[in-house]
file model.pdb (PDB, C-alpha atoms)
ATOM      1  CA  MET A 140     361.612  62.007  61.263
ATOM      2  CA  TYR A 141     364.385  63.127  58.930
ATOM      3  CA  LYS A 142     366.332  60.424  57.121
ATOM      4  CA  ARG A 143     369.062  60.168  54.531
ATOM      5  CA  VAL A 144     367.944  57.606  51.946
ATOM      6  CA  ARG A 145     369.336  56.147  48.726
ATOM      7  CA  LEU A 146     366.837  56.377  45.871
ATOM      8  CA  ARG A 147     366.628  55.687  42.146
ATOM      9  CA  ASP A 148     364.625  57.706  39.671
ATOM     10  CA  THR A 149     364.534  58.473  35.962
ATOM     11  CA  ILE A 150     365.218  62.019  34.890
ATOM     12  CA  GLU A 151     364.645  63.627  31.486
ATOM     13  CA  VAL A 152     367.531  65.705  30.179
ATOM     14  CA  PRO A 153     366.252  68.211  27.598
ATOM     15  CA  PRO A 154     368.015  68.418  24.210
ATOM     16  CA  SER A 155     369.459  71.849  25.032
ATOM     17  CA  GLU A 156     371.463  70.333  27.916
ATOM     18  CA  LEU A 157     372.635  67.086  26.316
ATOM     19  CA  GLY A 158     376.108  68.370  25.464
ATOM     20  CA  ASP A 159     377.509  67.688  28.937
ATOM     21  CA  VAL A 160     375.458  65.388  31.187
ATOM     22  CA  THR A 161     377.168  65.812  34.584
ATOM     23  CA  ARG A 162     376.280  64.870  38.133
ATOM     24  CA  GLY A 163     375.619  68.561  38.781
ATOM     25  CA  LEU A 164     373.096  68.774  35.943
ATOM     26  CA  VAL A 165     371.367  65.549  37.001
ATOM     27  CA  LYS A 166     371.274  66.737  40.631
ATOM     28  CA  ARG A 167     369.650  70.033  39.602
ATOM     29  CA  LEU A 168     367.049  68.233  37.457
ATOM     30  CA  LEU A 169     366.307  65.771  40.282
ATOM     31  CA  GLN A 170     365.930  68.666  42.736
ATOM     32  CA  GLU A 171     363.473  70.422  40.404
ATOM     33  CA  LYS A 172     361.491  67.211  39.933
ATOM     34  CA  LEU A 173     361.450  65.810  43.467
ATOM     35  CA  GLU A 174     362.002  68.410  46.173
ATOM     36  CA  GLY A 175     358.777  69.171  47.995
ATOM     37  CA  ARG A 176     357.098  66.065  46.572
ATOM     38  CA  MET A 177     355.385  63.709  48.997
ATOM     39  CA  ASP A 178     355.820  59.957  48.593
ATOM     40  CA  GLU A 179     353.977  57.364  50.707
ATOM     41  CA  GLU A 180     357.111  55.199  51.030
ATOM     42  CA  VAL A 181     359.779  57.784  51.912
ATOM     43  CA  GLY A 182     357.772  60.836  52.987
ATOM     44  CA  SER A 183     358.526  64.323  51.729
ATOM     45  CA  VAL A 184     361.739  64.811  49.745
ATOM     46  CA  VAL A 185     363.431  67.771  51.412
ATOM     47  CA  SER A 186     366.645  67.828  49.394
ATOM     48  CA  VAL A 187     368.569  65.815  46.808
ATOM     49  CA  ILE A 188     372.110  65.953  48.189
ATOM     50  CA  GLU A 189     374.376  63.681  46.151
ATOM     51  CA  VAL A 190     374.205  61.817  42.818
ATOM     52  CA  HIS A 191     376.105  58.513  42.857
ATOM     53  CA  ASP A 192     375.441  56.910  39.505
ATOM     54  CA  ILE A 193     373.984  57.966  36.170
ATOM     55  CA  GLY A 194     372.911  55.141  33.882
ATOM     56  CA  GLU A 195     372.965  55.001  30.111
ATOM     57  CA  GLY A 196     370.589  57.415  28.390
ATOM     58  CA  ARG A 197     367.498  56.142  26.577
ATOM     59  CA  VAL A 198     365.555  57.823  23.825
ATOM     60  CA  LEU A 199     361.790  57.307  23.732
ATOM     61  CA  PRO A 200     359.656  57.658  20.601
ATOM     62  CA  ASN A 201     358.006  61.073  20.189
ATOM     63  CA  ARG A 202     359.868  62.503  23.218
ATOM     64  CA  PRO A 203     362.567  65.145  22.704
ATOM     65  CA  GLY A 204     364.731  64.456  25.781
ATOM     66  CA  VAL A 205     367.025  61.649  26.778
ATOM     67  CA  TYR A 206     366.107  59.660  29.886
ATOM     68  CA  PHE A 207     368.739  58.670  32.441
ATOM     69  CA  GLU A 208     368.236  56.507  35.505
ATOM     70  CA  ALA A 209     370.106  57.981  38.445
ATOM     71  CA  GLU A 210     370.986  56.684  41.893
ATOM     72  CA  PHE A 211     371.184  59.426  44.514
ATOM     73  CA  ASP A 212     370.951  60.305  48.196
ATOM     74  CA  ALA A 213     368.168  62.522  49.488
ATOM     75  CA  ILE A 214     367.085  63.935  52.823
ATOM     76  CA  THR A 215     363.464  63.045  53.501
ATOM     77  CA  PHE A 216     360.947  63.851  56.211
ATOM     78  CA  GLU A 217     358.399  61.203  57.128
ATOM     79  CA  PRO A 218     356.035  61.945  60.009
ATOM     80  CA  LYS A 219     355.667  58.809  62.158
ATOM     81  CA  MET A 220     352.651  57.964  64.282
ATOM     82  CA  GLN A 221     353.201  58.730  67.994
ATOM     83  CA  GLU A 222     356.410  60.643  67.228
ATOM     84  CA  VAL A 223     357.037  63.694  69.414
ATOM     85  CA  VAL A 224     357.902  66.715  67.280
ATOM     86  CA  ASP A 225     358.820  70.335  67.839
ATOM     87  CA  GLY A 226     357.365  72.930  65.514
ATOM     88  CA  THR A 227     356.348  76.533  65.092
ATOM     89  CA  VAL A 228     352.775  77.796  65.004
ATOM     90  CA  VAL A 229     352.236  79.128  61.473
ATOM     91  CA  GLU A 230     348.542  79.970  61.675
ATOM     92  CA  VAL A 231     345.868  80.223  64.362
ATOM     93  CA  VAL A 232     342.208  79.695  63.523
ATOM     94  CA  GLU A 233     339.056  79.338  65.585
ATOM     95  CA  PHE A 234     339.345  75.541  65.760
ATOM     96  CA  GLY A 235     343.076  75.299  66.545
ATOM     97  CA  ALA A 236     346.606  76.021  65.427
ATOM     98  CA  PHE A 237     348.555  74.844  62.405
ATOM     99  CA  VAL A 238     352.076  73.860  63.394
ATOM    100  CA  GLY A 239     354.961  73.665  60.921
ATOM    101  CA  ILE A 240     356.791  70.374  61.501
ATOM    102  CA  GLY A 241     359.494  70.011  58.919
ATOM    103  CA  PRO A 242     358.171  70.581  55.406
ATOM    104  CA  VAL A 243     354.521  69.934  56.380
ATOM    105  CA  ASP A 244     351.976  71.441  58.752
ATOM    106  CA  GLY A 245     350.025  69.574  61.396
ATOM    107  CA  LEU A 246     346.781  70.607  63.048
ATOM    108  CA  LEU A 247     346.746  71.041  66.796
ATOM    109  CA  HIS A 248     342.990  71.091  67.375
ATOM    110  CA  VAL A 249     341.818  73.412  70.145
ATOM    111  CA  SER A 250     340.585  70.358  72.108
ATOM    112  CA  GLN A 251     344.110  68.881  71.992
ATOM    113  CA  ILE A 252     346.006  71.918  73.299
ATOM    114  CA  SER A 253     344.961  72.237  76.919
ATOM    115  CA  ASP A 254     342.424  71.083  79.497
ATOM    116  CA  GLU A 255     341.408  74.731  79.844
ATOM    117  CA  TYR A 256     338.889  76.379  77.524
ATOM    118  CA  LEU A 257     340.716  78.400  74.857
ATOM    119  CA  ALA A 258     338.947  81.297  73.164
ATOM    120  CA  TYR A 259     339.923  82.510  69.703
ATOM    121  CA  ASP A 260     341.254  86.084  69.569
ATOM    122  CA  ALA A 261     341.052  86.911  65.841
ATOM    123  CA  GLU A 262     342.500  90.390  66.248
ATOM    124  CA  ASN A 263     345.757  89.068  67.764
ATOM    125  CA  GLN A 264     345.791  85.725  65.903
ATOM    126  CA  GLN A 265     345.937  83.653  69.104
ATOM    127  CA  LEU A 266     344.072  81.273  71.366
ATOM    128  CA  VAL A 267     343.647  82.555  74.931
ATOM    129  CA  SER A 268     342.824  80.793  78.202
ATOM    130  CA  ASN A 269     340.469  82.753  80.451
ATOM    131  CA  GLU A 270     341.623  80.752  83.499
ATOM    132  CA  SER A 271     345.419  81.114  83.352
ATOM    133  CA  ASN A 272     345.759  83.868  80.692
ATOM    134  CA  GLN A 273     348.056  81.575  78.694
ATOM    135  CA  THR A 274     348.151  82.291  74.968
ATOM    136  CA  LEU A 275     349.138  80.376  71.862
ATOM    137  CA  GLY A 276     349.907  82.431  68.779
ATOM    138  CA  VAL A 277     351.783  82.578  65.493
ATOM    139  CA  ASP A 278     355.550  81.949  65.827
ATOM    140  CA  ASP A 279     355.195  80.191  69.216
ATOM    141  CA  LEU A 280     357.287  77.036  69.569
ATOM    142  CA  VAL A 281     355.294  73.913  70.397
ATOM    143  CA  ARG A 282     356.085  70.304  71.320
ATOM    144  CA  ALA A 283     353.370  67.859  70.239
ATOM    145  CA  ARG A 284     352.799  64.201  69.393
ATOM    146  CA  ILE A 285     351.554  62.961  66.003
ATOM    147  CA  VAL A 286     348.264  61.111  66.498
ATOM    148  CA  THR A 287     346.845  60.909  62.962
ATOM    149  CA  LYS A 288     348.221  61.173  59.448
ATOM    150  CA  SER A 289     346.788  60.971  55.968
ATOM    151  CA  ILE A 290     349.350  61.584  53.219
ATOM    152  CA  ASP A 291     348.176  62.876  49.832
ATOM    153  CA  GLU A 292     350.947  62.174  47.303
ATOM    154  CA  ARG A 293     349.271  64.109  44.485
ATOM    155  CA  ASN A 294     348.709  67.262  46.545
ATOM    156  CA  PRO A 295     351.149  67.263  49.482
ATOM    157  CA  ARG A 296     349.587  70.459  50.864
ATOM    158  CA  ASP A 297     346.358  68.457  51.278
ATOM    159  CA  SER A 298     348.054  65.915  53.538
ATOM    160  CA  LYS A 299     346.570  65.906  57.016
ATOM    161  CA  ILE A 300     348.557  65.419  60.214
ATOM    162  CA  GLY A 301     346.811  65.559  63.574
ATOM    163  CA  LEU A 302     348.698  66.577  66.716
ATOM    164  CA  THR A 303     348.078  66.523  70.456
ATOM    165  CA  ALA A 304     349.723  68.477  73.246
ATOM    166  CA  LYS A 305     347.571  67.132  76.102
ATOM    167  CA  GLN A 306     350.248  65.144  77.909
ATOM    168  CA  VAL A 307     352.962  65.916  80.409
ATOM    169  CA  GLY A 308     355.975  67.352  78.585
ATOM    170  CA  LEU A 309     353.952  68.560  75.599
ATOM    171  CA  GLY A 310     352.670  72.052  74.788
ATOM    172  CA  LYS A 311     353.965  75.515  74.118
ATOM    173  CA  HIS A 312     357.657  75.747  75.019
ATOM    174  CA  GLY A 313     357.006  78.770  77.267
ATOM    175  CA  TRP A 314     354.379  76.813  79.209
ATOM    176  CA  LEU A 315     356.756  73.868  79.602
ATOM    177  CA  GLU A 316     359.521  76.160  80.915
ATOM    178  CA  GLN A 317     357.091  77.751  83.363
ATOM    179  CA  GLU A 318     355.953  74.318  84.628
ATOM    180  CA  HIS A 319     359.583  73.277  85.065
ATOM    181  CA  GLU A 320     360.383  76.407  87.081
ATOM    182  CA  GLU A 321     357.309  75.860  89.276
ATOM    183  CA  ARG A 322     358.361  72.244  89.956
ATOM    184  CA  GLN A 323     361.896  73.417  90.828
ATOM    185  CA  LEU A 324     360.511  75.988  93.278
ATOM    186  CA  ALA A 325     358.183  73.421  94.860
ATOM    187  CA  ALA A 326     361.030  70.920  95.223
ATOM    188  CA  GLY A 327     363.249  73.546  96.859
ATOM    189  CA  GLU A 328     360.685  74.511  99.507
TER     190      GLU A 328
END
call {"tool": "encode", "arguments": {"input": "model.pdb", "output": "structure tokens"}}
result
Amino acid sequence: MYKRVRLRDTIEVPPSELGDVTRGLVKRLLQEKLEGRMDEEVGSVVSVIEVHDIGEGRVLPNRPGVYFEAEFDAITFEPKMQEVVDGTVVEVVEFGAFVGIGPVDGLLHVSQISDEYLAYDAENQQLVSNESNQTLGVDDLVRARIVTKSIDERNPRDSKIGLTAKQVGLGKHGWLEQEHEERQLAAGE
């Protein structure tokens, strides 16, 4: 879930930039420091969007910069348990598909995609059903539900998010559209 949050953090302004400490400078330094970082409390910082207040600068012994505490707004993404998310398949492997959901990827394990057996087609980077000939490949849009999450603040790329698509209304968008059309035809007969 994306949220706009108000945060406070301390930023170091290097000596070469001390001549004119502006909101723009502090925003840029906060963006460099925080964007892409994962935090257990707020999730992943997607963007620092507005600096509201810059406190008085402090000098620390044996440190060349000046430290300012800043209050700012940021857009964050925090995956919530049981949340339904839309994403794009970014990689297909033998055991499932990695789905980009916001700034992180979740794993849609092959057992959580369909009730049908899905075989891995390495040549075409896709999972294929022998029963219905449905495929799931890179760049396909998927709707899934978050069922597990383990956030690693030190290495956000090592965070693990587990997804499922084995419920009504979940799965590859093309499959969902096809199911909808079939229900419409059945209702009209």
call {"tool": "resolve_selection", "arguments": {"input": "model.pdb", "expression": "the PyMOL selection byres ((chain A and resi 164) around 12)", "output": "PyMOL selection string"}}
result
chain A and resi 150-153+155-163+165-171+189-190+193+207+209
call {"tool": "resolve_selection", "arguments": {"input": "model.pdb", "expression": "the PyMOL selection byres ((chain A and resi 310-313) around 12)", "output": "ChimeraX atom specification"}}
result
/A:223-228,236,238,247,249,251-254,266,273-284,302-309,314-320
call {"tool": "residues_around", "arguments": {"input": "model.pdb", "residues": "A:Ser186", "least_positions_apart": "5", "cutoff": "6 Å", "atoms": "all atoms listed in the file", "output": "JSON, numbers by chain"}}
result
{"A": [174, 213, 214]}
call {"tool": "closest_residue", "arguments": {"input": "model.pdb", "among": "A:Ser289, A:Gln323, A:Asn272, A:Ser183", "to": "A:Pro242", "atoms": "only C-alpha atoms"}}
result
A:Ser183
call {"tool": "atom_distance", "arguments": {"input": "model.pdb", "atom1": "atom CA of A:Leu199", "atom2": "atom CA of A:Leu146"}}
result
22.7 Å
call {"tool": "resolve_selection", "arguments": {"input": "model.pdb", "expression": "the PyMOL selection byres ((chain A and resi 142) around 10)", "output": "PDB file with C-alpha atoms, in the frame of the given file"}}
result
ATOM      1  CA  MET A 140     361.612  62.007  61.263  1.00  0.00           C
ATOM      2  CA  TYR A 141     364.385  63.127  58.930  1.00  0.00           C
ATOM      3  CA  ARG A 143     369.062  60.168  54.531  1.00  0.00           C
ATOM      4  CA  VAL A 144     367.944  57.606  51.946  1.00  0.00           C
ATOM      5  CA  ARG A 145     369.336  56.147  48.726  1.00  0.00           C
ATOM      6  CA  VAL A 181     359.779  57.784  51.912  1.00  0.00           C
ATOM      7  CA  GLY A 182     357.772  60.836  52.987  1.00  0.00           C
ATOM      8  CA  VAL A 184     361.739  64.811  49.745  1.00  0.00           C
ATOM      9  CA  VAL A 185     363.431  67.771  51.412  1.00  0.00           C
ATOM     10  CA  ALA A 213     368.168  62.522  49.488  1.00  0.00           C
ATOM     11  CA  ILE A 214     367.085  63.935  52.823  1.00  0.00           C
ATOM     12  CA  THR A 215     363.464  63.045  53.501  1.00  0.00           C
ATOM     13  CA  PHE A 216     360.947  63.851  56.211  1.00  0.00           C
ATOM     14  CA  GLU A 217     358.399  61.203  57.128  1.00  0.00           C
TER      15      GLU A 217
END
call {"tool": "closest_residue", "arguments": {"input": "model.pdb", "among": "A:Glu270, A:Asp212, A:Asp244, A:Glu179", "to": "A:Ala258", "atoms": "all atoms listed in the file"}}
result
A:Glu270
call {"tool": "atom_distance", "arguments": {"input": "model.pdb", "atom1": "atom CA of A:Pro200", "atom2": "atom CA of A:Leu173"}}
result
24.3 Å
call {"tool": "closest_residue", "arguments": {"input": "model.pdb", "among": "A:Gly194, A:Met177, A:Gly241, A:Leu324", "to": "A:Asp297", "atoms": "all atoms listed in the file"}}
result
A:Met177
call {"tool": "atom_distance", "arguments": {"input": "model.pdb", "atom1": "atom CA of A:Gln265", "atom2": "atom CA of A:His248"}}
result
13.0 Å
call {"tool": "residues_around", "arguments": {"input": "model.pdb", "residues": "A:Gly301", "least_positions_apart": "6", "cutoff": "6 Å", "atoms": "only C-alpha atoms", "output": "list in words"}}
result
Gly245, Leu246, Ile285, Val286 and Thr287 of chain A
call {"tool": "closest_residue", "arguments": {"input": "model.pdb", "among": "A:Glu180, A:Asp291, A:Glu255, A:Glu233", "to": "A:Lys219", "atoms": "only C-alpha atoms"}}
result
A:Glu180
call {"tool": "residues_near_point", "arguments": {"input": "model.pdb", "point": "(368.6, 55.0, 24.6)", "cutoff": "9 Å", "atoms": "only C-alpha atoms", "output": "ChimeraX atom specification"}}
result
/A:195-199,205-207
call {"tool": "decode", "arguments": {"input": "model.pdb", "residues": "stretch 166-195 of chain A", "atoms": "N, CA and C atoms", "output": "CSV table (one decimal), in the first residue's frame"}}
result
chain,number,residue,atom,x,y,z
A,166,LYS,N,16.4,18.3,0.3
A,166,LYS,CA,15.5,17.3,-0.3
A,166,LYS,C,16.4,16.4,-1.2
A,167,ARG,N,17.3,16.9,-1.9
A,167,ARG,CA,18.2,16.1,-2.7
A,167,ARG,C,19.0,15.1,-1.9
A,168,LEU,N,19.6,15.7,-0.8
A,168,LEU,CA,20.4,14.8,0.1
A,168,LEU,C,19.5,13.7,0.8
A,169,LEU,N,18.3,14.1,1.2
A,169,LEU,CA,17.4,13.1,1.7
A,169,LEU,C,17.0,12.0,0.7
A,170,GLN,N,16.8,12.4,-0.6
A,170,GLN,CA,16.5,11.5,-1.6
A,170,GLN,C,17.6,10.5,-1.8
A,171,GLU,N,18.9,11.0,-1.9
A,171,GLU,CA,20.0,10.2,-2.0
A,171,GLU,C,20.2,9.2,-0.9
A,172,LYS,N,19.9,9.6,0.3
A,172,LYS,CA,20.1,8.8,1.5
A,172,LYS,C,18.9,7.8,1.7
A,173,LEU,N,17.7,8.2,1.4
A,173,LEU,CA,16.6,7.3,1.8
A,173,LEU,C,15.8,6.6,0.7
A,174,GLU,N,15.8,7.1,-0.5
A,174,GLU,CA,15.0,6.5,-1.6
A,174,GLU,C,15.5,5.1,-1.9
A,175,GLY,N,14.6,4.1,-1.9
A,175,GLY,CA,14.9,2.7,-2.1
A,175,GLY,C,15.3,2.0,-0.9
A,176,ARG,N,15.4,2.7,0.2
A,176,ARG,CA,15.7,2.1,1.5
A,176,ARG,C,14.4,1.4,2.1
A,177,MET,N,14.6,0.3,2.7
A,177,MET,CA,13.4,-0.4,3.4
A,177,MET,C,13.5,-0.1,4.9
A,178,ASP,N,12.4,0.2,5.5
A,178,ASP,CA,12.3,0.4,6.9
A,178,ASP,C,11.1,-0.4,7.4
A,179,GLU,N,11.3,-1.1,8.5
A,179,GLU,CA,10.3,-2.0,9.1
A,179,GLU,C,9.0,-1.2,9.4
A,180,GLU,N,9.2,0.1,9.9
A,180,GLU,CA,8.0,0.8,10.3
A,180,GLU,C,7.2,1.5,9.2
A,181,VAL,N,7.9,2.0,8.2
A,181,VAL,CA,7.1,2.7,7.1
A,181,VAL,C,7.2,2.0,5.8
A,182,GLY,N,8.0,0.9,5.6
A,182,GLY,CA,8.1,0.2,4.4
A,182,GLY,C,9.2,0.8,3.5
A,183,SER,N,9.1,0.7,2.2
A,183,SER,CA,10.1,1.2,1.3
A,183,SER,C,9.9,2.7,1.0
A,184,VAL,N,10.9,3.5,1.1
A,184,VAL,CA,10.8,4.9,0.8
A,184,VAL,C,10.9,5.0,-0.7
A,185,VAL,N,9.8,5.4,-1.4
A,185,VAL,CA,9.7,5.5,-2.8
A,185,VAL,C,10.3,6.9,-3.3
A,186,SER,N,9.8,7.9,-2.6
A,186,SER,CA,10.2,9.3,-3.0
A,186,SER,C,10.1,10.3,-1.8
A,187,VAL,N,11.1,11.1,-1.6
A,187,VAL,CA,11.0,12.3,-0.7
A,187,VAL,C,10.4,13.4,-1.6
A,188,ILE,N,9.2,13.9,-1.1
A,188,ILE,CA,8.5,14.8,-2.0
A,188,ILE,C,8.5,16.3,-1.5
A,189,GLU,N,8.6,16.5,-0.2
A,189,GLU,CA,8.5,17.9,0.2
A,189,GLU,C,9.2,18.0,1.6
A,190,VAL,N,10.1,19.0,1.7
A,190,VAL,CA,10.8,19.3,3.0
A,190,VAL,C,10.0,20.5,3.7
A,191,HIS,N,9.6,20.2,4.9
A,191,HIS,CA,8.8,21.2,5.6
A,191,HIS,C,9.7,22.1,6.6
A,192,ASP,N,10.6,21.5,7.3
A,192,ASP,CA,11.4,22.2,8.3
A,192,ASP,C,12.8,21.7,8.3
A,193,ILE,N,13.7,22.6,8.4
A,193,ILE,CA,15.1,22.3,8.6
A,193,ILE,C,15.6,22.9,9.9
A,194,GLY,N,16.1,22.0,10.8
A,194,GLY,CA,16.5,22.5,12.1
A,194,GLY,C,17.8,23.2,12.1
A,195,GLU,N,18.3,23.6,13.2
A,195,GLU,CA,19.6,24.2,13.4
A,195,GLU,C,20.7,23.1,13.1
